[in-house]
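What follows is a short report on a single structure.
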Number of protein chains: 2
Amino acid sequence: MFEIAELGHSLKNGEYKQQLPGLRTQLLSVQQQLAECSFSVFIVISGVDGSGKGEVINLLNEWMDPRYIRTNAFGKSSDEERERPRMWRFWRTMPEKGEIGIYAGSWYSWPIAKKVKNKINQMRLKTELHRIRQFEQELIDDGALMIKCWLHLDKATQKKRFKELEKNPQTRWRVTKRDKKHLKTYNQFIQVAETVLKTTSSVDSPWLIVGSHNGRYRNLTVGQHVLQRISHHIEQQRKHRKTDLELFSSISGMANQGCLFATLDLSKNLSEKVYSKKLAFYQGKLGLLAREAHKRKISSILVFEGWDAAGKGGAIRRLTHAMDARNYQVIRVAAPTDEERLHHYLWRFWRHLPRAGKVTLYDRSWYGRVLVERVEGFASKMEWLRAYSEIVNFEEDLVEHGIVLLKFWLHIDKDEQLQRFTEREKISYKRYKITEEDYRNREKWQDYELAANEMFGRTSNHSAPWVLVEANDKRFARIKVIKKYCEILEEKLDT
Amino acid sequence: MFEIAELGHSLKNGEYKQQLPGLRTQLLSVQQQLAECSFSVFIVISGVDGSGKGEVINLLNEWMDPRYIRTNAFGKSSDEERERPRMWRFWRTMPEKGEIGIYAGSWYSWPIAKKVKNKINQMRLKTELHRIRQFEQELIDDGALMIKCWLHLDKATQKKRFKELEKNPQTRWRVTKRDKKHLKTYNQFIQVAETVLKTTSSVDSPWLIVGSHNGRYRNLTVGQHVLQRISHHIEQQRKHRKTDLELFSSISGMANQGCLFATLDLSKNLSEKVYSKKLAFYQGKLGLLAREAHKRKISSILVFEGWDAAGKGGAIRRLTHAMDARNYQVIRVAAPTDEERLHHYLWRFWRHLPRAGKVTLYDRSWYGRVLVERVEGFASKMEWLRAYSEIVNFEEDLVEHGIVLLKFWLHIDKDEQLQRFTEREKISYKRYKITEEDYRNREKWQDYELAANEMFGRTSNHSAPWVLVEANDKRFARIKVIKKYCEILEEKLDT
């Protein structure tokens with residue numbers, strides 16, 4: 001795989017100097033065009049130690065305007081990062097649309113390092129790499145451009161490079177103990193690299209292997225590659241807009257496999273007396289469980305979806321009542337802010353993930369993508385269709401990190417909703433809750449029903465279950481929610 | 001000071017139950033009104049251990065809608081927090097306008113704890129408290145409402161409370177070792193508390209001392225206080241808008257004390273040959289210094305202001321050229337995003353403060369408040385007049401944390417600017433830099449000159465100096481900038 005890169009491509013100084021000005025002008029020019037485009041560019045610079053990764057990154061910053069570049073270096077993770085899923089540190093540093101993110105060290109560092117040290121086996125490595133492909137694909141689907149360069153050096157040259165660097169007092173610092181240690185594991189490293197490059201190359205996200213024997217050749221190759229990829233992507237984006245519509249307008253959604261709501265018995269209810277007793281019981285229980293979870297640094301994420309006026313707020317308040325306000329946060333999900341709009345739609349949810357032992361309650365959530373955004377046409381068909389697997393992957397990251405994830409759908413029927421709207425309008429301090437939009441949404445009841453059912457089918461699974469809550473009776477609904485969270489917490493704490 | 005709180009105010013259960021529903025309805029109602037207002041509410045709940053701070057915080061969350069409340073508990077700071085000025089953790093968790101932030105543990109915790117343990121003396125305590133007053137005043141000036149409650153218990157009651165809590169297995173966990181230790185330092189604690197409450201009470205930011213002997217009395221007192229303060233503030237804000245204008249339209253700016261720009265010799269220049277030599281020399285030097293600073297975890301913040309086309313971008317690029325892209329970040333400051341608009345104007349700068357050893361370069365900065373926002377009328381006279389001391393305090397926080405802070409003003413004259421505009425329009429890839437706005441700004445040259453001069457006078461000081469750079473000759477300007485940063489770094493590294 002690296003054979004061609006070891007041929008020893010080289011470039012004379014004169015040639016380099018001749019080509020450079022043109023390249024720089026063009027890079028600056030596409031960077032300006034990019035600023036007007038609605039996609040981000042990710043540039044991953046990876047490879048063998050001593051191959052000049054840092055140098056290349058500095059040059060890219062020099063050749064382009066560093067004010068529109070975000071260079072991210074990832075050393076040891078901070079405690080705030082360690083308390084969240086591994087990908088969190090990448091989500092929090094993502095470039096906005098129109099900008100370039102350069103990655104020195106990236107999502108590839110962890111699996112490579114672990115495998116070289118034999119801390120994970122080949123199978124686990126493959127699994128990790130497949131997830132990386134998914135991750136990159138999600139960004140690409142969102143329009144992002146993924147440029148990945150692998151700087152290669154053969155073993156002898158690497159050794160020679162380190163010696164040269166060490167001789168010069170100005171560059172000696174660049175050779176670390178870690179580098180020397182890596183020298184010994186060169187063969188192993190290359191073997192792992194092969195697997196990585198093979199597994200994570202795709203049409204949209206190819207690796208460019210760059211022989212780094214000669215610095216000038218390396219710099220110019222990377223520079224030209226970046227230039228070509230960005231120019232090409234800008235062009236593609238312009239064309240693509242049309243194709244998008246053509247391609248996907250014909251795809252139909254899932255066949256309607258019957259409505260899950262029909263299976264719910266909405267007449268379920270609790271008397272005031274039974275409710276009070278149960279509420280006190282479960283709130284007491286939850287109080288103890290939540291405290292224990294906090295102590296053991298187990299985080300929870302609770303998602304609330306459901307019809308307007310189904311009682312999400314009320315259910316949330318009964319839950320939080322049993323918890324310590326210092327340990328939970330409620331996130332209202334409404335229209336995205338302009339910063340959020342400049343990122344992948346999942347970004348706004350990643351940013352609120354709880355630290356260890358804390359609880360985040362989402363009042364509406366990432367499911368908006370396949371509910372309101374689908375029904376109202378805010379997301380294209382392609383976007384919301386894609387969202388199912390994006391959501392499943394996202395939730396897998398959460399669950400794998402040990403987070404308790406529960407998703408509630410509060411269900412009422414159409415008559416009950418109307419009655420609640422009318423009631424709310426009568427009570428002064430609840431009147432603000434009812435807007436014209438709420439009535440408009442009612443007209444699309446069937447569309448929402450279809451969307452919700454497809455969502456259950458595609459995103460419910462054992463580790464991230466959907467809990468359908470019969471909510472025509474508020475008391476019944478609230479108890480069911482608290483009880484369910486108690487059960488899941490108990491299960492988690494027992495293991 | 002605490003005598004009245006020790007009188008043992010009490011409330012019977014019946015009375016409590018009678019008053020509660022009304023209070024809750026009203027609280028919910030003002031919270032809804034608040035959501036439409038453009039100010040944030042800060043509620044600090046502090047006081048003696050065992051007085052029920054956690055309980056009160058939970059109740060406030062229960063009585064109001066927790067979806068519009070952000071409760072912040074501050075335990076041990078994270079490594080990301082420790083690497084920034086102490087106030088960073090409070091800035092990053094601030095409630096947005098229209099929301100309520102509840103603080104369990106706050107900016108008061110550090111000075112109180114340090115003084116009780118005798119780690120700082122009375123003088124230092126006072127200094128810290130004065131800075132807290134400034135901090136709160138800045139938020140208040142921005143419209144924020146500051147509600148501070150101090151829950152008090154006399155020594156005997158505290159002891160009794162701990163015993164009760166310990167007896168009950170359900171509440172035993174709430175009494176920590178730290179609490180028992182605090183029991184021993186009760187007298188000292190109260191003494192410090194007196195100083196704190198006296199020094200940091202003001203008309204706009206008073207402390208309410210609440211006797212917490214009786215829980216019902218305590219809860220209702222805090223609840224009513226919160227209700228009254230918020231209602232009153234909403235009313236005040238409505239009236240205030242007018243008064244604002246009346247009050248401050250008559251205040252005039254500083255007398256023009258002569259123009260600093262006149263002292264600059266804009267004919268200063270460097271030949272291409274001398275420039276190349278010096279550039280190589282200082283970039284080499286900066287490379288070494290920057291690496292050493294990174295190693296020693298010294299951060300830098302470099303601010304670039306100046307006329308349009310003065311060459312800020314070029315100067316920034318010559319600087320970053322000498323630095324490792326993995327260690328710096330350039331922040332372009334343009335119009336604030338909608339999230340930024342929902343906070344104090346300094347918030348957007350706090351959020352980008354570098355971690356230990358990193359460098360942030362601000363391409364335009366917080367000085368926009370007293371430059372473009374002043375001249376274009378985006379900030380009211382009161383706002384930009386206030387900004388001078390806000391900026392000085394902010395920069396003091398940075399410098400005290402050990403951050404190297406340098407502020408460059410790149411100066412060109414009006415003719416040079418026109419020439420550069422014309423030149424830029426000729427070069428295709430620079431054309432984007434020139435807009436009609438640039439020409440409009442030229443017409444206000446004198447206003448900007450006045451604003452800049454007042455800014456220098458009010459915000460230059462030894463630890464955060466303004467460096468005026470003669471920039472008619474780009475080469476001269478770039479060298480001056482790099483050289484200056486080298487000098488300051490050298491000085492810092494020597495000490």
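Each chain of the structure tokens is named A, B, ... in the order shown, its residues numbered from 1; ligands are numbered from 1 in display order.
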
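For Gln283 (chain B), the list of residues within 8 Å, based on only C-alpha atoms and with local chain neighbours fewer than 6 positions off taken out, reads Arg318, Leu319, His321, Ala322 and Ile482 of chain B.
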
Please produce a file of those selected residues containing N, CA and C atoms, as a compact mmCIF listing (two decimals), in the first residue's frame.
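The result, stored in out_34.txt:
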# COMPACT_ATOMS: atom_id res chain seq x y z
N ARG B 318 1.99 37.24 9.67
CA ARG B 318 3.44 37.20 9.89
C ARG B 318 3.75 36.68 11.29
N LEU B 319 2.87 36.96 12.22
CA LEU B 319 3.05 36.47 13.60
C LEU B 319 2.83 34.96 13.67
N HIS B 321 2.87 32.83 11.47
CA HIS B 321 3.85 32.10 10.67
C HIS B 321 4.95 31.53 11.57
N ALA B 322 5.27 32.27 12.62
CA ALA B 322 6.37 31.84 13.48
C ALA B 322 5.88 30.90 14.58
N ILE B 482 5.86 42.05 15.56
CA ILE B 482 6.55 40.82 16.00
C ILE B 482 7.57 41.14 17.08

Helix (DSSP H, G or I) call set, DSSP backbone run, region 37-270 of chain A, as an MDAnalysis selection string: chainID A and resid 53:63 66:68 79:82 88:91 109:116 122:141 155:167 172:174 177:184 186:199 215:249 260:263

Show me, as a tab-separated table, the residues of chain A having an atom within 7 Å of chain B, each with the closest atom pair and its distance in Å, using only C-alpha atoms.
residue	atom	partner	partner_atom	distance
A:Ser29	CA	B:Tyr429	CA	5.5
A:Ile57	CA	B:Ala325	CA	6.7
A:Asn58	CA	B:Ala325	CA	5.4
A:Asn61	CA	B:Ala325	CA	7.0
A:Glu62	CA	B:His321	CA	6.0
A:Pro66	CA	B:Val330	CA	6.7
A:Arg67	CA	B:Val330	CA	5.2
A:Arg70	CA	B:Gln329	CA	6.7
A:Thr71	CA	B:Arg326	CA	5.9
A:Asn72	CA	B:Arg326	CA	6.1
A:Ala73	CA	B:Arg326	CA	5.2
A:Ser78	CA	B:Asp79	CA	6.5
A:Asp79	CA	B:Ser78	CA	6.4
A:Glu80	CA	B:Ser78	CA	6.7
A:Arg317	CA	B:Glu62	CA	6.8
A:His321	CA	B:Glu62	CA	6.0
A:Asp324	CA	B:Asn58	CA	6.3
A:Ala325	CA	B:Asn58	CA	5.3
A:Arg326	CA	B:Ala73	CA	5.2
A:Gln329	CA	B:Arg70	CA	6.8
A:Val330	CA	B:Arg67	CA	5.2
A:Ile331	CA	B:Arg67	CA	6.5
A:Arg332	CA	B:Arg67	CA	6.2
A:Thr337	CA	B:Asp338	CA	6.5
A:Asp338	CA	B:Asp338	CA	6.4
A:Glu339	CA	B:Thr337	CA	6.8
A:Tyr429	CA	B:Ser29	CA	5.6

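Using only C-alpha atoms, the contacts of region 263-275 of chain A at a cut-off of 9 Å, with sequence neighbours closer than 2 positions omitted, comprise Cys259, Leu260, Phe261, Lys277, Lys278, Leu279, Ala280, His411, Ile412, Asp413, Leu468, Val469, Glu470, Ala471, Asn472, Asp473, Lys474, Arg475, Phe476, Ala477 and Ile479 of chain A.
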
Export, as a CSV table (one decimal), in the first residue's frame, the selected residues with N, CA, C and O atoms.
chain,number,residue,atom,x,y,z
A,259,CYS,N,-50.6,1.3,13.0
A,259,CYS,CA,-50.3,2.4,13.9
A,259,CYS,C,-50.1,1.8,15.3
A,259,CYS,O,-51.0,1.2,15.9
A,260,LEU,N,-48.9,2.1,15.9
A,260,LEU,CA,-48.7,1.7,17.2
A,260,LEU,C,-49.6,2.3,18.3
A,260,LEU,O,-50.0,1.7,19.3
A,261,PHE,N,-50.1,3.5,17.9
A,261,PHE,CA,-51.0,4.2,18.9
A,261,PHE,C,-52.3,3.4,19.2
A,261,PHE,O,-52.9,3.5,20.2
A,277,LYS,N,-50.6,8.8,46.4
A,277,LYS,CA,-49.8,7.8,47.1
A,277,LYS,C,-48.6,7.3,46.2
A,277,LYS,O,-47.5,7.2,46.7
A,278,LYS,N,-49.0,7.0,45.0
A,278,LYS,CA,-47.9,6.4,44.1
A,278,LYS,C,-46.9,7.5,43.8
A,278,LYS,O,-45.7,7.2,43.7
A,279,LEU,N,-47.3,8.7,43.6
A,279,LEU,CA,-46.4,9.8,43.3
A,279,LEU,C,-45.3,9.9,44.5
A,279,LEU,O,-44.1,10.0,44.2
A,280,ALA,N,-45.9,10.0,45.7
A,280,ALA,CA,-45.0,10.1,46.8
A,280,ALA,C,-44.0,8.9,46.9
A,280,ALA,O,-42.8,9.1,47.1
A,411,HIS,N,-48.6,10.2,24.7
A,411,HIS,CA,-49.6,10.1,23.7
A,411,HIS,C,-51.0,10.5,24.2
A,411,HIS,O,-51.5,10.0,25.3
A,412,ILE,N,-51.7,11.4,23.5
A,412,ILE,CA,-53.1,11.7,23.8
A,412,ILE,C,-53.8,11.6,22.5
A,412,ILE,O,-53.2,11.6,21.4
A,413,ASP,N,-55.1,11.5,22.5
A,413,ASP,CA,-55.8,11.5,21.2
A,413,ASP,C,-56.3,12.9,20.9
A,413,ASP,O,-56.1,13.9,21.6
A,468,LEU,N,-43.8,4.3,25.2
A,468,LEU,CA,-45.0,5.0,24.8
A,468,LEU,C,-45.9,5.2,26.1
A,468,LEU,O,-46.2,4.2,26.8
A,469,VAL,N,-46.3,6.4,26.3
A,469,VAL,CA,-47.0,6.6,27.6
A,469,VAL,C,-48.5,7.1,27.3
A,469,VAL,O,-48.7,8.1,26.5
A,470,GLU,N,-49.4,6.3,27.8
A,470,GLU,CA,-50.8,6.7,27.6
A,470,GLU,C,-51.1,7.9,28.5
A,470,GLU,O,-51.0,7.9,29.7
A,471,ALA,N,-51.4,9.1,27.8
A,471,ALA,CA,-51.4,10.3,28.6
A,471,ALA,C,-52.7,11.1,28.6
A,471,ALA,O,-52.7,12.2,29.0
A,472,ASN,N,-53.8,10.4,28.1
A,472,ASN,CA,-55.1,11.1,28.3
A,472,ASN,C,-55.4,11.4,29.7
A,472,ASN,O,-56.0,12.4,30.0
A,473,ASP,N,-54.9,10.6,30.6
A,473,ASP,CA,-55.0,10.9,32.0
A,473,ASP,C,-53.6,11.3,32.5
A,473,ASP,O,-52.6,10.5,32.5
A,474,LYS,N,-53.4,12.6,32.9
A,474,LYS,CA,-52.1,13.1,33.3
A,474,LYS,C,-51.5,12.3,34.4
A,474,LYS,O,-50.3,12.1,34.5
A,475,ARG,N,-52.4,12.0,35.4
A,475,ARG,CA,-51.9,11.3,36.6
A,475,ARG,C,-51.2,10.0,36.2
A,475,ARG,O,-50.1,9.6,36.6
A,476,PHE,N,-51.9,9.2,35.3
A,476,PHE,CA,-51.4,7.9,34.9
A,476,PHE,C,-50.1,8.1,34.2
A,476,PHE,O,-49.1,7.4,34.4
A,477,ALA,N,-50.0,9.1,33.3
A,477,ALA,CA,-48.8,9.3,32.5
A,477,ALA,C,-47.6,9.7,33.4
A,477,ALA,O,-46.5,9.1,33.2
A,479,ILE,N,-47.0,9.0,36.5
A,479,ILE,CA,-46.6,7.8,37.3
A,479,ILE,C,-45.8,6.9,36.4
A,479,ILE,O,-44.7,6.4,36.8

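Distance annotation: of B:Phe421, B:Ser51, B:Glu6, B:Ser40, the residue with the minimal separation from Asn219 (chain B) is B:Ser51; atom set is only C-alpha atoms.
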
Just the residues within 12 Å of His182 (chain B), please, counting only C-alpha atoms, with nothing from its chain fewer than 4 positions along; format it as a short mmCIF file (atom, residue, chain, number, x, y, z; two decimals) with C-alpha atoms, in the first residue's frame.
data_model
loop_
_atom_site.label_atom_id
_atom_site.label_comp_id
_atom_site.auth_asym_id
_atom_site.auth_seq_id
_atom_site.Cartn_x
_atom_site.Cartn_y
_atom_site.Cartn_z
CA VAL B 48 -24.69 28.59 56.69
CA ASP B 49 -24.38 24.82 56.19
CA GLY B 50 -27.49 22.95 57.25
CA ALA B 113 -13.52 29.50 52.06
CA VAL B 116 -12.20 31.03 56.92
CA LYS B 117 -9.16 28.81 56.47
CA LYS B 155 -24.74 27.79 66.07
CA GLN B 158 -27.00 24.25 63.16
CA LYS B 159 -25.71 21.57 65.51
CA PHE B 162 -27.05 18.11 61.72
CA VAL B 175 -24.27 15.64 56.45
CA THR B 176 -20.75 15.41 55.12
CA LYS B 177 -17.42 15.39 56.94
CA ARG B 178 -16.92 18.85 55.59
CA TYR B 186 -18.85 28.42 62.87
CA ASN B 187 -17.76 31.58 64.64
CA GLN B 188 -15.05 32.31 62.17
CA PHE B 189 -17.41 31.64 59.32
CA ILE B 190 -19.98 34.08 60.65
#

Set the distance at 9 Å and use only C-alpha atoms: which residues neighbour Phe135 (chain B) once local chain neighbours fewer than 4 positions away are removed? I'd like the list as a PDB file with N, CA, C and O atoms, in the first residue's frame.
ATOM      1  N   HIS B 130     -14.451  43.539  46.519  1.00  0.00           N
ATOM      2  CA  HIS B 130     -14.674  44.708  45.674  1.00  0.00           C
ATOM      3  C   HIS B 130     -14.754  44.301  44.204  1.00  0.00           C
ATOM      4  O   HIS B 130     -15.526  44.847  43.432  1.00  0.00           O
ATOM      5  N   ARG B 131     -13.964  43.320  43.864  1.00  0.00           N
ATOM      6  CA  ARG B 131     -14.021  42.857  42.478  1.00  0.00           C
ATOM      7  C   ARG B 131     -15.332  42.149  42.197  1.00  0.00           C
ATOM      8  O   ARG B 131     -15.866  42.224  41.088  1.00  0.00           O
ATOM      9  N   LEU B 139     -22.955  43.235  35.371  1.00  0.00           N
ATOM     10  CA  LEU B 139     -24.129  42.484  34.929  1.00  0.00           C
ATOM     11  C   LEU B 139     -25.384  43.328  35.124  1.00  0.00           C
ATOM     12  O   LEU B 139     -26.278  43.372  34.273  1.00  0.00           O
ATOM     13  N   ILE B 140     -25.449  44.004  36.257  1.00  0.00           N
ATOM     14  CA  ILE B 140     -26.605  44.846  36.547  1.00  0.00           C
ATOM     15  C   ILE B 140     -26.710  45.973  35.532  1.00  0.00           C
ATOM     16  O   ILE B 140     -27.790  46.286  35.027  1.00  0.00           O
ATOM     17  N   GLU B 390     -15.384  48.402  32.413  1.00  0.00           N
ATOM     18  CA  GLU B 390     -15.636  46.961  32.236  1.00  0.00           C
ATOM     19  C   GLU B 390     -14.448  46.298  31.551  1.00  0.00           C
ATOM     20  O   GLU B 390     -14.013  45.209  31.927  1.00  0.00           O
ATOM     21  N   ASN B 393     -11.446  46.079  33.901  1.00  0.00           N
ATOM     22  CA  ASN B 393     -11.613  44.975  34.862  1.00  0.00           C
ATOM     23  C   ASN B 393     -11.390  43.617  34.199  1.00  0.00           C
ATOM     24  O   ASN B 393     -10.756  42.733  34.769  1.00  0.00           O
TER      25      ASN B 393
END

Spatial neighbours of Leu125 (chain A), 7 Å, only C-alpha atoms, chain gap at least 4 places, as a list in words: Pro111, Lys115, Ile120, Asn121 and Leu129 of chain A

Strand (DSSP E) residues, from DSSP on the backbone, in region 236-482 of chain B, as a ChimeraX atom specification: /B:300-306,328-332,359-363,404-411,466-470

Selection: 12 Å around Ser231 (chain A), only C-alpha atoms, excl. self and same-chain fewer than 2 positions, as a ChimeraX atom specification: /A:26-34,37,41,145,224-229,233-238
